[in-house]
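protein.cif follows; it contains mmCIF, C-alpha atoms.
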```cif
data_start
#
loop_
_atom_site.label_atom_id
_atom_site.label_comp_id
_atom_site.auth_asym_id
_atom_site.auth_seq_id
_atom_site.Cartn_x
_atom_site.Cartn_y
_atom_site.Cartn_z
CA MET D 1 -22.50 -21.65 -25.26
CA TRP D 2 -19.69 -20.95 -22.83
CA ILE D 3 -21.04 -17.56 -21.70
CA LYS D 4 -23.78 -18.32 -19.20
CA SER D 5 -26.41 -15.80 -18.25
CA GLY D 6 -25.29 -13.13 -15.84
CA LEU D 7 -21.55 -13.39 -16.37
CA LEU D 8 -21.19 -9.63 -16.61
CA PRO D 9 -23.00 -8.81 -13.32
CA LEU D 10 -20.86 -11.45 -11.62
CA LEU D 11 -17.65 -9.87 -12.91
CA VAL D 12 -18.88 -6.40 -11.95
CA SER D 13 -19.45 -7.54 -8.37
CA TYR D 14 -15.85 -8.89 -8.21
CA LEU D 15 -14.57 -5.61 -9.62
CA VAL D 16 -16.49 -3.58 -7.03
CA ALA D 17 -15.10 -5.75 -4.23
CA LEU D 18 -11.53 -5.30 -5.52
CA VAL D 19 -11.99 -1.54 -5.85
CA LEU D 20 -13.36 -1.29 -2.31
CA MET D 21 -10.35 -3.29 -1.13
CA VAL D 22 -7.81 -0.72 -2.35
CA MET D 23 -9.86 2.46 -2.01
CA PRO D 24 -8.14 5.15 0.09
CA MET D 25 -10.04 5.76 3.33
CA PRO D 26 -9.71 8.08 6.34
CA THR D 27 -7.10 6.77 8.76
CA PHE D 28 -9.40 6.08 11.68
CA LEU D 29 -11.67 3.93 9.48
CA GLU D 30 -8.76 2.24 7.73
CA ALA D 31 -8.25 -0.42 10.39
CA TRP D 32 -11.97 -1.26 10.39
CA ARG D 33 -12.38 -1.64 6.63
CA PRO D 34 -14.50 -4.78 6.13
CA ASP D 35 -12.89 -7.54 4.10
CA TRP D 36 -15.06 -6.86 1.03
CA LEU D 37 -13.43 -9.39 -1.26
CA SER D 38 -13.90 -12.23 1.23
CA LEU D 39 -17.52 -11.24 1.86
CA VAL D 40 -18.34 -11.21 -1.84
CA ILE D 41 -16.56 -14.53 -2.40
CA ILE D 42 -18.37 -16.14 0.53
CA TYR D 43 -21.70 -14.93 -0.82
CA TRP D 44 -21.15 -16.21 -4.36
CA VAL D 45 -19.75 -19.62 -3.41
CA MET D 46 -22.76 -20.06 -1.15
CA ALA D 47 -25.34 -18.83 -3.66
CA LEU D 48 -23.87 -20.39 -6.82
CA PRO D 49 -21.59 -23.23 -5.73
CA HIS D 50 -21.92 -24.94 -9.13
CA ARG D 51 -20.55 -21.87 -10.83
CA VAL D 52 -18.23 -19.95 -8.54
CA GLY D 53 -15.67 -22.45 -7.36
CA MET D 54 -12.03 -22.96 -6.58
CA GLY D 55 -10.89 -21.67 -9.98
CA THR D 56 -12.61 -18.31 -9.55
CA VAL D 57 -11.32 -17.96 -5.99
CA LEU D 58 -7.77 -18.75 -7.15
CA VAL D 59 -7.87 -16.08 -9.87
CA LEU D 60 -9.39 -13.48 -7.53
CA GLY D 61 -6.79 -14.32 -4.89
CA LEU D 62 -3.95 -13.78 -7.37
CA ILE D 63 -5.44 -10.44 -8.44
CA ALA D 64 -5.66 -9.48 -4.76
CA ASP D 65 -1.99 -10.42 -4.39
CA ILE D 66 -1.02 -8.06 -7.20
CA LEU D 67 -3.18 -5.24 -5.83
CA MET D 68 -1.81 -5.62 -2.32
CA GLY D 69 1.75 -6.08 -3.51
CA SER D 70 2.22 -9.24 -1.46
CA VAL D 71 4.10 -12.33 -2.58
CA PHE D 72 2.14 -14.19 -5.27
CA GLY D 73 -0.15 -16.81 -3.80
CA ILE D 74 -0.53 -15.56 -0.21
CA TYR D 75 -4.03 -14.18 -0.62
CA ALA D 76 -4.89 -16.93 -3.08
CA THR D 77 -4.02 -19.65 -0.54
CA ALA D 78 -5.87 -17.92 2.28
CA LEU D 79 -8.98 -17.31 0.20
CA LEU D 80 -9.01 -20.90 -1.09
CA ILE D 81 -8.80 -22.36 2.40
CA MET D 82 -11.50 -19.95 3.52
CA ALA D 83 -13.80 -20.77 0.60
CA TYR D 84 -13.56 -24.54 0.99
CA PRO D 85 -15.80 -24.91 4.10
CA ALA D 86 -18.22 -22.37 2.63
CA ILE D 87 -18.67 -24.46 -0.54
CA ARG D 88 -18.65 -27.71 1.37
CA HIS D 89 -21.49 -26.65 3.67
CA PHE D 90 -23.31 -24.15 1.45
CA GLN D 91 -26.70 -25.77 1.98
CA ARG D 92 -26.38 -25.65 5.73
CA ILE D 93 -25.10 -22.06 5.91
CA ARG D 94 -27.85 -20.85 3.57
CA ASN D 95 -30.49 -21.88 6.07
CA TYR D 96 -28.92 -20.21 9.06
CA SER D 97 -30.29 -17.00 10.53
CA PHE D 98 -28.39 -13.78 9.90
CA THR D 99 -26.80 -13.87 13.33
CA GLN D 100 -25.54 -17.39 12.81
CA GLN D 101 -24.37 -16.56 9.31
CA ALA D 102 -22.53 -13.50 10.57
CA PHE D 103 -20.81 -15.70 13.13
CA VAL D 104 -19.77 -18.22 10.47
CA VAL D 105 -18.51 -15.39 8.27
CA ALA D 106 -16.50 -13.99 11.18
CA VAL D 107 -14.86 -17.37 11.74
CA LEU D 108 -14.09 -17.78 8.03
CA ILE D 109 -12.54 -14.33 7.79
CA LEU D 110 -10.58 -14.92 10.98
CA VAL D 111 -9.16 -18.08 9.41
CA LYS D 112 -8.29 -16.18 6.23
CA ARG D 113 -6.55 -13.38 8.12
CA VAL D 114 -4.62 -15.77 10.34
CA ILE D 115 -3.37 -17.67 7.27
CA VAL D 116 -2.32 -14.42 5.57
CA TYR D 117 -0.47 -13.41 8.73
CA GLU D 118 1.22 -16.81 9.11
CA LEU D 119 2.40 -16.80 5.49
CA GLU D 120 3.63 -13.19 5.78
CA HIS D 121 5.39 -14.14 9.00
CA VAL D 122 7.13 -17.13 7.46
CA LEU D 123 8.06 -15.38 4.20
CA ASN D 124 8.68 -11.79 5.28
CA ASP D 125 9.04 -11.89 9.10
CA ALA D 126 5.90 -9.86 9.66
CA VAL D 127 5.13 -8.90 13.26
CA PHE D 128 1.61 -9.48 14.55
CA ASN D 129 -0.52 -6.45 15.12
CA PHE D 130 -3.87 -6.87 16.82
CA ALA D 131 -5.51 -4.23 14.63
CA TYR D 132 -5.22 -6.72 11.79
CA LEU D 133 -8.14 -8.65 13.27
CA TYR D 134 -10.54 -5.69 13.64
CA PRO D 135 -12.00 -6.33 10.16
CA VAL D 136 -13.23 -9.73 11.41
CA LEU D 137 -15.74 -7.86 13.53
CA SER D 138 -16.62 -5.18 10.97
CA SER D 139 -17.07 -7.82 8.25
CA ALA D 140 -19.45 -9.79 10.45
CA ILE D 141 -21.45 -6.61 11.06
CA ALA D 142 -21.46 -5.79 7.34
CA TRP D 143 -22.45 -9.33 6.31
CA PRO D 144 -26.30 -9.07 6.55
CA TRP D 145 -26.27 -5.97 4.33
CA VAL D 146 -23.85 -7.49 1.84
CA TYR D 147 -26.04 -10.59 1.77
CA LEU D 148 -29.28 -8.67 1.17
CA ILE D 149 -27.78 -6.37 -1.45
CA LEU D 150 -26.13 -9.20 -3.35
CA ARG D 151 -29.29 -11.33 -3.21
CA LYS D 152 -31.32 -8.50 -4.69
CA TYR D 153 -28.60 -7.94 -7.28
CA ARG D 154 -28.49 -11.64 -8.17
CA ARG D 155 -32.26 -11.87 -8.60
CA HIS D 156 -32.47 -8.66 -10.55
CA TYR D 157 -29.80 -9.66 -13.07
CA LEU D 158 -30.82 -13.34 -13.10
CA VAL D 159 -27.38 -14.64 -12.21
CA ARG D 160 -27.84 -18.38 -12.02
CA MET R 1 -31.15 -27.37 -8.54
CA LYS R 2 -27.90 -28.49 -10.08
CA SER R 3 -25.79 -30.77 -8.02
CA LEU R 4 -22.35 -29.60 -7.06
CA PHE R 5 -20.72 -32.91 -7.96
CA GLU R 6 -22.35 -33.45 -11.31
CA ARG R 7 -19.12 -33.98 -13.13
CA GLY R 8 -15.41 -33.41 -12.89
CA PRO R 9 -13.12 -33.92 -9.94
CA THR R 10 -14.38 -33.66 -6.36
CA LEU R 11 -14.26 -30.44 -4.42
CA LEU R 12 -11.30 -31.57 -2.32
CA THR R 13 -9.31 -32.45 -5.44
CA ARG R 14 -10.05 -29.03 -6.86
CA LEU R 15 -8.96 -27.37 -3.62
CA VAL R 16 -5.71 -29.33 -3.57
CA LEU R 17 -5.03 -28.52 -7.24
CA ALA R 18 -5.70 -24.81 -6.69
CA LEU R 19 -3.57 -24.78 -3.54
CA LEU R 20 -0.74 -26.48 -5.44
CA CYS R 21 -1.03 -23.78 -8.07
CA ALA R 22 -0.88 -21.00 -5.48
CA GLY R 23 1.97 -22.73 -3.65
CA THR R 24 4.02 -23.08 -6.84
CA LEU R 25 3.54 -19.39 -7.61
CA MET R 26 4.54 -18.49 -4.06
CA PHE R 27 7.70 -20.58 -4.40
CA LEU R 28 8.55 -19.08 -7.80
CA ASP R 29 7.96 -15.56 -6.57
CA HIS R 30 9.58 -15.67 -3.17
CA ARG R 31 12.38 -18.22 -3.44
CA LEU R 32 13.38 -17.93 -7.07
CA ASN R 33 12.35 -14.31 -7.72
CA THR R 34 11.35 -15.18 -11.25
CA MET R 35 7.98 -13.45 -11.24
CA GLN R 36 9.12 -9.82 -11.54
CA PRO R 37 8.34 -9.40 -15.27
CA VAL R 38 4.98 -11.15 -14.83
CA ARG R 39 4.26 -8.95 -11.86
CA SER R 40 4.97 -5.68 -13.65
CA PHE R 41 2.89 -6.85 -16.62
CA LEU R 42 -0.03 -7.80 -14.38
CA SER R 43 0.16 -4.60 -12.35
CA THR R 44 -0.23 -2.70 -15.61
CA LEU R 45 -3.26 -4.89 -16.28
CA VAL R 46 -4.93 -4.20 -12.92
CA ALA R 47 -4.13 -0.46 -12.98
CA PRO R 48 -7.74 0.39 -13.99
CA VAL R 49 -8.94 -1.01 -10.65
CA GLN R 50 -6.64 1.39 -8.87
CA TYR R 51 -7.80 4.31 -10.97
CA LEU R 52 -11.43 3.37 -10.25
CA ALA R 53 -10.63 3.34 -6.54
CA VAL R 54 -9.64 7.01 -6.45
CA LEU R 55 -12.42 8.11 -8.79
CA PRO R 56 -15.01 8.87 -6.04
CA GLU R 57 -12.46 10.96 -4.17
CA GLN R 58 -11.57 12.90 -7.30
CA VAL R 59 -15.23 13.52 -8.13
CA LEU R 60 -15.81 14.74 -4.58
CA ASP R 61 -12.79 17.04 -4.78
CA ARG R 62 -14.07 18.41 -8.05
CA LEU R 63 -17.51 19.05 -6.51
CA VAL R 64 -15.96 20.81 -3.54
CA TYR R 65 -13.87 22.88 -5.93
CA LEU R 66 -16.92 23.80 -8.02
CA SER R 67 -18.89 24.82 -4.95
CA THR R 68 -16.22 27.11 -3.47
CA THR R 69 -17.25 30.72 -3.62
CA ARG R 70 -15.43 33.57 -5.25
CA THR R 71 -14.60 35.11 -1.88
CA THR R 72 -12.91 32.01 -0.51
CA LEU R 73 -10.95 31.62 -3.71
CA ARG R 74 -9.82 35.22 -3.51
CA GLU R 75 -8.76 34.82 0.10
CA GLU R 76 -6.93 31.60 -0.70
CA ASN R 77 -5.21 33.29 -3.62
CA LYS R 78 -4.07 36.10 -1.37
CA ALA R 79 -2.73 33.72 1.26
CA LEU R 80 -0.91 31.67 -1.38
CA LYS R 81 0.68 34.77 -2.89
CA GLN R 82 1.94 35.79 0.50
CA GLU R 83 3.32 32.33 1.13
CA LEU R 84 5.01 32.35 -2.28
CA GLN R 85 6.65 35.64 -1.49
CA GLU R 86 7.99 34.35 1.79
CA LEU R 87 9.30 31.21 0.13
CA GLN R 88 10.98 33.25 -2.61
CA MET R 89 12.76 35.30 0.01
CA ALA R 90 13.92 32.12 1.71
CA VAL R 91 15.15 30.79 -1.64
CA GLN R 92 17.26 33.88 -2.28
CA ARG R 93 19.14 33.22 0.91
CA LEU R 94 19.35 29.53 0.07
CA ASN R 95 20.83 30.23 -3.37
CA PHE R 96 23.46 32.42 -1.81
CA LEU R 97 24.32 29.74 0.74
CA GLU R 98 24.41 27.06 -1.92
CA ASN R 99 26.88 29.06 -4.03
CA GLU R 100 29.00 29.71 -1.00
CA ASN R 101 28.90 26.04 -0.07
CA ASP R 102 29.97 25.07 -3.58
CA ARG R 103 32.90 27.48 -3.44
CA LEU R 104 33.98 26.25 -0.03
CA ARG R 105 33.75 22.64 -1.15
CA GLN R 106 35.85 23.52 -4.17
CA LEU R 107 38.49 25.05 -1.90
CA LEU R 108 38.47 21.87 0.17
CA GLY R 109 38.85 19.81 -2.96
CA SER R 110 35.63 17.80 -2.51
CA ASP R 111 33.03 17.22 -5.19
CA ILE R 112 30.46 19.89 -5.79
CA ARG R 113 26.98 18.61 -5.04
CA GLN R 114 25.00 18.21 -8.20
CA ALA R 115 21.34 19.01 -8.55
CA SER R 116 18.83 16.18 -8.61
CA ARG R 117 15.77 16.15 -10.82
CA ARG R 118 12.27 15.66 -9.54
CA MET R 119 8.73 14.99 -10.67
CA ALA R 120 5.41 15.18 -8.88
CA ALA R 121 3.16 12.12 -8.83
CA GLU R 122 -0.20 11.33 -7.33
CA VAL R 123 -1.20 8.42 -5.17
CA VAL R 124 -3.81 6.23 -6.85
CA ALA R 125 -4.19 3.37 -4.37
CA VAL R 126 -3.12 2.24 -0.95
CA ALA R 127 -2.44 -1.30 0.20
CA THR R 128 -4.37 -1.78 3.40
CA ASP R 129 -2.40 -4.75 4.61
CA PRO R 130 -0.70 -3.79 7.89
CA PHE R 131 2.16 -6.15 6.99
CA SER R 132 3.07 -4.13 3.95
CA HIS R 133 2.83 -0.36 3.92
CA GLN R 134 2.73 0.52 0.26
CA VAL R 135 1.10 3.05 -1.98
CA VAL R 136 0.69 3.04 -5.75
CA ILE R 137 1.52 6.19 -7.70
CA ASN R 138 0.48 7.24 -11.18
CA LYS R 139 3.94 7.39 -12.74
CA GLY R 140 5.72 4.35 -14.15
CA SER R 141 8.49 3.17 -16.42
CA VAL R 142 7.31 5.47 -19.23
CA ASN R 143 8.16 8.40 -16.98
CA GLY R 144 11.60 7.02 -16.15
CA VAL R 145 10.73 5.74 -12.68
CA TYR R 146 13.15 3.04 -11.53
CA GLU R 147 13.35 0.52 -8.72
CA GLY R 148 14.91 1.89 -5.55
CA GLN R 149 14.09 5.48 -6.38
CA PRO R 150 13.64 7.82 -3.37
CA VAL R 151 10.16 9.32 -2.88
CA LEU R 152 9.45 12.39 -0.74
CA ASP R 153 6.56 14.58 0.24
CA ASN R 154 6.73 18.25 1.19
CA ARG R 155 7.87 17.45 4.73
CA GLY R 156 10.30 14.60 4.39
CA ILE R 157 11.19 11.21 3.03
CA LEU R 158 8.28 8.85 2.37
CA GLY R 159 9.90 5.72 1.03
CA GLN R 160 11.34 4.11 -2.06
CA VAL R 161 9.97 2.63 -5.27
CA MET R 162 9.82 -1.14 -4.99
CA SER R 163 8.32 -2.22 -8.31
CA VAL R 164 7.52 -0.43 -11.53
CA GLY R 165 4.71 -1.03 -14.00
CA ARG R 166 4.20 0.85 -17.27
CA GLY R 167 2.08 3.68 -15.93
CA THR R 168 2.14 2.97 -12.20
CA ALA R 169 4.74 2.24 -9.57
CA ARG R 170 4.58 0.82 -6.08
CA VAL R 171 6.22 2.72 -3.22
CA LEU R 172 7.37 1.02 -0.04
CA LEU R 173 6.91 3.41 2.89
CA ILE R 174 9.56 3.92 5.56
CA SER R 175 7.09 2.62 8.16
CA ASP R 176 6.94 -0.84 6.54
CA GLN R 177 8.20 -3.65 8.73
CA SER R 178 10.71 -4.77 6.12
CA HIS R 179 12.17 -1.30 5.61
CA ALA R 180 15.12 0.36 7.33
CA LEU R 181 17.14 3.42 6.43
CA PRO R 182 20.37 5.03 7.68
CA LEU R 183 19.91 8.40 9.39
CA ARG R 184 22.00 11.01 11.13
CA ALA R 185 20.98 13.26 14.01
CA GLU R 186 21.01 16.88 12.89
CA ARG R 187 22.33 18.20 16.21
CA ASN R 188 25.33 15.97 16.82
CA ASP R 189 25.77 13.79 13.70
CA ILE R 190 25.19 10.50 15.51
CA ARG R 191 24.55 7.83 12.93
CA VAL R 192 21.49 5.65 13.52
CA LEU R 193 19.47 3.04 11.68
CA ALA R 194 15.69 3.47 11.68
CA ARG R 195 13.41 0.54 11.10
CA GLY R 196 9.71 0.63 10.23
CA THR R 197 7.39 -0.89 12.80
CA GLY R 198 4.18 -1.38 10.83
CA ASP R 199 2.78 1.67 12.59
CA LEU R 200 2.52 4.75 10.35
CA GLN R 201 3.48 7.12 13.15
CA ARG R 202 6.45 5.26 14.58
CA LEU R 203 9.96 4.31 13.54
CA GLU R 204 12.32 2.40 15.78
CA LEU R 205 16.02 3.22 16.06
CA MET R 206 18.14 0.08 16.24
CA PHE R 207 21.28 -0.65 18.28
CA ILE R 208 21.40 2.60 20.29
CA PRO R 209 23.74 2.29 23.32
CA HIS R 210 22.42 3.50 26.68
CA SER R 211 25.12 6.16 26.80
CA SER R 212 24.02 7.73 23.52
CA GLU R 213 23.67 11.51 23.46
CA LEU R 214 20.41 11.43 21.56
CA GLU R 215 17.59 13.41 23.14
CA VAL R 216 13.86 13.62 22.71
CA GLY R 217 13.10 16.17 19.99
CA ASP R 218 16.28 15.55 17.97
CA LYS R 219 15.73 15.80 14.25
CA LEU R 220 16.95 12.91 12.14
CA MET R 221 18.09 13.48 8.55
CA SER R 222 18.93 10.96 5.88
CA SER R 223 22.66 10.28 5.91
CA GLY R 224 23.01 9.13 2.32
CA LEU R 225 25.02 6.10 3.43
CA GLY R 226 22.74 3.40 2.06
CA GLY R 227 23.01 4.72 -1.47
CA VAL R 228 19.23 4.84 -1.90
CA TYR R 229 18.26 8.10 -0.23
CA PRO R 230 20.17 11.31 -0.94
CA GLU R 231 21.83 13.03 2.00
CA GLY R 232 20.26 15.71 4.12
CA TYR R 233 16.51 15.27 3.77
CA PRO R 234 14.44 15.37 6.97
CA VAL R 235 13.00 12.01 8.01
CA ALA R 236 11.85 11.85 11.63
CA GLU R 237 11.91 13.37 15.08
CA ILE R 238 12.74 11.41 18.24
CA THR R 239 9.65 11.14 20.43
CA GLN R 240 10.67 8.76 23.15
CA ILE R 241 13.83 7.28 24.65
CA ASP R 242 13.65 4.39 27.08
CA ARG R 243 17.01 3.89 28.78
CA ASN R 244 16.00 0.84 30.75
CA GLU R 245 19.30 -0.82 31.72
CA ARG R 246 17.78 -4.27 31.62
CA LEU R 247 17.41 -4.00 27.87
CA GLN R 248 20.43 -4.65 25.72
CA TYR R 249 20.02 -1.37 23.85
CA ALA R 250 18.12 1.82 24.59
CA ARG R 251 14.69 1.75 23.02
CA VAL R 252 14.29 4.87 20.90
CA THR R 253 11.23 5.68 18.82
CA ALA R 254 10.79 8.46 16.31
CA ARG R 255 7.89 9.97 14.43
CA PRO R 256 8.25 10.50 10.68
CA PHE R 257 7.86 14.06 9.41
CA ALA R 258 6.13 12.90 6.25
CA GLN R 259 2.41 12.44 6.73
CA LEU R 260 2.31 8.78 5.87
CA ASP R 261 -1.39 8.43 6.70
CA ARG R 262 -2.61 11.08 4.29
CA ILE R 263 -0.30 10.97 1.30
CA ARG R 264 -1.81 12.44 -1.85
CA THR R 265 0.94 14.07 -3.84
CA VAL R 266 4.48 12.77 -3.73
CA LEU R 267 7.77 13.90 -5.23
CA LEU R 268 9.95 11.47 -7.15
CA LEU R 269 13.66 12.26 -7.01
CA TRP R 270 16.35 11.41 -9.54
CA PRO R 271 19.69 11.83 -7.78
CA PRO R 272 22.59 12.96 -10.00
CA SER R 273 24.04 9.45 -9.80
CA ALA R 274 20.93 7.80 -11.28
CA THR R 275 21.33 6.30 -14.72
CA GLU R 276 17.63 6.72 -15.55
CA GLN R 277 16.31 10.09 -16.62
CA PRO R 278 12.84 11.49 -15.93
CA VAL R 279 10.48 11.71 -18.90
CA TYR R 280 7.99 14.53 -18.42
CA ASP R 281 4.50 14.44 -19.86
CA ASP R 282 4.73 18.10 -20.79
CA THR R 283 7.71 20.31 -21.47
CA LYS R 284 6.64 22.56 -18.62
CA GLY R 285 8.10 20.32 -15.97
CA ALA R 286 11.51 20.09 -17.64
CA ASP R 287 13.05 22.78 -15.44
CA ASN R 288 12.23 20.94 -12.24
CA VAL R 289 15.75 20.86 -10.88
CA ASP R 290 16.71 21.06 -7.26
#
```

How would this structure read if it were set down as structure tokens?
Amino acid sequence: MWIKSGLLPLLVSYLVALVLMVMPMPTFLEAWRPDWLSLVIIYWVMALPHRVGMGTVLVLGLIADILMGSVFGIYATALLIMAYPAIRHFQRIRNYSFTQQAFVVAVLILVKRVIVYELEHVLNDAVFNFAYLYPVLSSAIAWPWVYLILRKYRRHYLVR
Amino acid sequence: MKSLFERGPTLLTRLVLALLCAGTLMFLDHRLNTMQPVRSFLSTLVAPVQYLAVLPEQVLDRLVYLSTTRTTLREENKALKQELQELQMAVQRLNFLENENDRLRQLLGSDIRQASRRMAAEVVAVATDPFSHQVVINKGSVNGVYEGQPVLDNRGILGQVMSVGRGTARVLLISDQSHALPLRAERNDIRVLARGTGDLQRLELMFIPHSSELEVGDKLMSSGLGGVYPEGYPVAEITQIDRNERLQYARVTARPFAQLDRIRTVLLLWPPSATEQPVYDDTKGADNVD
């Protein structure tokens, strides 16, 4: 059996994250849009490290590249480097309090964004804009809710 | 509890393998530019995600539309009719001027300007990355959209098509950091080059000497020199000029007329020189000629 239980709910959660990533939003909220894809990836690699691994992150990163219209591999690289510490230390992070977890998530997303910026800078001469780091804060604030919702979702659909 | 390292390569090996994969793709895409067909195929594949993304907005619009009362609709109808009448009067004058212009150009022996064809399209997704200002529209290669095609809204130039999928296309906005376009001041025909800054409300004019006659409030039109944008469409208005002598050039910023932060409907333009032809979904749009 290559289809394990709960494959569909897992795919649906990726799809929702990707949709939220490209959804049009009012301008004043635009800069503060939490990094949904990263949050969902961090949750799944922490909850199911034996199942959601580097392969999944690579594929999701490439899809993000197509959706954002960036050079192939920019988001993939950033997400992979971000996911590695999360998988490596999943047992430790799981036992942290929400505040500590939110802090870890903020650091991970900061790393991801800095890598995306660096690659864009090297490849396309992008100029740094401080607003690019606002989502680090909003993602950290959104993390406890994302965590609780996804945990409920995972238990309800028996994703193991 | 299953162990993470039950079988297969270690986590670090997997990371390195995946990174190698991503790095190879990056190299192929950026250095060798070989990924364009793959990219247009894949963007067709992920188009449903983009359609899903605008679904809530469309449902909301529909609800708002359903809940509008008869009175508001009647008032709106009245206002629109009045507007239409005013526009029709303006067009009469415009037609006359256009004919006259054609005749005068004929007398001068220059080419008569030919009409360009257009098509309306809707925005289905936005890229939120501040390093790339792009939007995705719901018309693609089946509609005759081509790379480098100019895109406008009702106020001015928005940008150009940068890649085309089957049913969608990606538009690079004029405010993108990698975008620049040649302009001309309406008042005194000074030629300038405007570069995107990554800020939706700001363009930067490059290489303006301190002695330039440009003034705050000057309107900038497309000059048609780059070969991408047709001549004479409004683009931006100068908002600020900093003539600090310590700088090599005057620092001039302009604000685009097009509302780049709230694009919903755009206009695709086929200049007379384009080899591609628009393919309309219905025969109704076939008389859309400027």

Q) Could you state the separation of atom CA of D:Arg51 and atom CA of D:Val16 in Å, given to one decimal place? A)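 For atom CA of D:Arg51 relative to atom CA of D:Val16, the distance reads 19.1 Å.
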
Q) If you apply the PyMOL selection byres ((chain R) within 8 of (chain D)) to this file, what residues do you get, as a ChimeraX atom specification? A) /R:2-4,11,14-15,18-19,22-23,25-26,29-30,39,42-43,46,49-50,52-54,125-132,134,170,177-178,198,261-262

Can you write out the residues you just picked, keeping C-alpha atoms, as an mmCIF file, in the coordinates of the input?
```
data_model
loop_
_atom_site.group_PDB
_atom_site.id
_atom_site.type_symbol
_atom_site.label_atom_id
_atom_site.label_comp_id
_atom_site.auth_asym_id
_atom_site.auth_seq_id
_atom_site.Cartn_x
_atom_site.Cartn_y
_atom_site.Cartn_z
ATOM 1 C CA LYS R 2 -27.900 -28.490 -10.080
ATOM 2 C CA SER R 3 -25.790 -30.770 -8.020
ATOM 3 C CA LEU R 4 -22.350 -29.600 -7.060
ATOM 4 C CA LEU R 11 -14.260 -30.440 -4.420
ATOM 5 C CA ARG R 14 -10.050 -29.030 -6.860
ATOM 6 C CA LEU R 15 -8.960 -27.370 -3.620
ATOM 7 C CA ALA R 18 -5.700 -24.810 -6.690
ATOM 8 C CA LEU R 19 -3.570 -24.780 -3.540
ATOM 9 C CA ALA R 22 -0.880 -21.000 -5.480
ATOM 10 C CA GLY R 23 1.970 -22.730 -3.650
ATOM 11 C CA LEU R 25 3.540 -19.390 -7.610
ATOM 12 C CA MET R 26 4.540 -18.490 -4.060
ATOM 13 C CA ASP R 29 7.960 -15.560 -6.570
ATOM 14 C CA HIS R 30 9.580 -15.670 -3.170
ATOM 15 C CA ARG R 39 4.260 -8.950 -11.860
ATOM 16 C CA LEU R 42 -0.030 -7.800 -14.380
ATOM 17 C CA SER R 43 0.160 -4.600 -12.350
ATOM 18 C CA VAL R 46 -4.930 -4.200 -12.920
ATOM 19 C CA VAL R 49 -8.940 -1.010 -10.650
ATOM 20 C CA GLN R 50 -6.640 1.390 -8.870
ATOM 21 C CA LEU R 52 -11.430 3.370 -10.250
ATOM 22 C CA ALA R 53 -10.630 3.340 -6.540
ATOM 23 C CA VAL R 54 -9.640 7.010 -6.450
ATOM 24 C CA ALA R 125 -4.190 3.370 -4.370
ATOM 25 C CA VAL R 126 -3.120 2.240 -0.950
ATOM 26 C CA ALA R 127 -2.440 -1.300 0.200
ATOM 27 C CA THR R 128 -4.370 -1.780 3.400
ATOM 28 C CA ASP R 129 -2.400 -4.750 4.610
ATOM 29 C CA PRO R 130 -0.700 -3.790 7.890
ATOM 30 C CA PHE R 131 2.160 -6.150 6.990
ATOM 31 C CA SER R 132 3.070 -4.130 3.950
ATOM 32 C CA GLN R 134 2.730 0.520 0.260
ATOM 33 C CA ARG R 170 4.580 0.820 -6.080
ATOM 34 C CA GLN R 177 8.200 -3.650 8.730
ATOM 35 C CA SER R 178 10.710 -4.770 6.120
ATOM 36 C CA GLY R 198 4.180 -1.380 10.830
ATOM 37 C CA ASP R 261 -1.390 8.430 6.700
ATOM 38 C CA ARG R 262 -2.610 11.080 4.290
#
```

Q. Interatomic distance between atom CA of R:Asn99 and atom CA of R:Ala274?
A. 23.2 Å

**Q.** Atom-to-atom span, atom CA of R:Ser116 and atom CA of R:Leu94, Å
**A.** 15.9 Å

Q | Given the PyMOL selection byres ((chain D and resi 103) around 12), the residues it picks as a VMD selection string | A | chain D and resid 93 96 to 102 104 to 110 136 to 144

Only C-alpha atoms, please: the residues just picked out, written as a CSV table (one decimal), keeping the file's coordinate frame.
```csv
chain,number,residue,atom,x,y,z
D,93,ILE,CA,-25.1,-22.1,5.9
D,96,TYR,CA,-28.9,-20.2,9.1
D,97,SER,CA,-30.3,-17.0,10.5
D,98,PHE,CA,-28.4,-13.8,9.9
D,99,THR,CA,-26.8,-13.9,13.3
D,100,GLN,CA,-25.5,-17.4,12.8
D,101,GLN,CA,-24.4,-16.6,9.3
D,102,ALA,CA,-22.5,-13.5,10.6
D,104,VAL,CA,-19.8,-18.2,10.5
D,105,VAL,CA,-18.5,-15.4,8.3
D,106,ALA,CA,-16.5,-14.0,11.2
D,107,VAL,CA,-14.9,-17.4,11.7
D,108,LEU,CA,-14.1,-17.8,8.0
D,109,ILE,CA,-12.5,-14.3,7.8
D,110,LEU,CA,-10.6,-14.9,11.0
D,136,VAL,CA,-13.2,-9.7,11.4
D,137,LEU,CA,-15.7,-7.9,13.5
D,138,SER,CA,-16.6,-5.2,11.0
D,139,SER,CA,-17.1,-7.8,8.2
D,140,ALA,CA,-19.4,-9.8,10.4
D,141,ILE,CA,-21.4,-6.6,11.1
D,142,ALA,CA,-21.5,-5.8,7.3
D,143,TRP,CA,-22.4,-9.3,6.3
D,144,PRO,CA,-26.3,-9.1,6.6
```

Q) Near D:Ala17, counting all atoms listed in the file, which residues have an atom at most 7 Å away, once you skip same-chain residues fewer than 5 positions from it, shown as a ChimeraX atom specification? A) /D:36-37,40

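Remark: for D:Val111, the closest of the candidate residues D:Leu11, D:Ser38, D:Leu60, D:Tyr157 is D:Ser38 (distances computed over all atoms listed in the file).
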
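The closest residue to D:Ser13, picked from D:Ile41, D:Asp35, D:Leu148, D:Ile115 and counting only C-alpha atoms, is D:Ile41.
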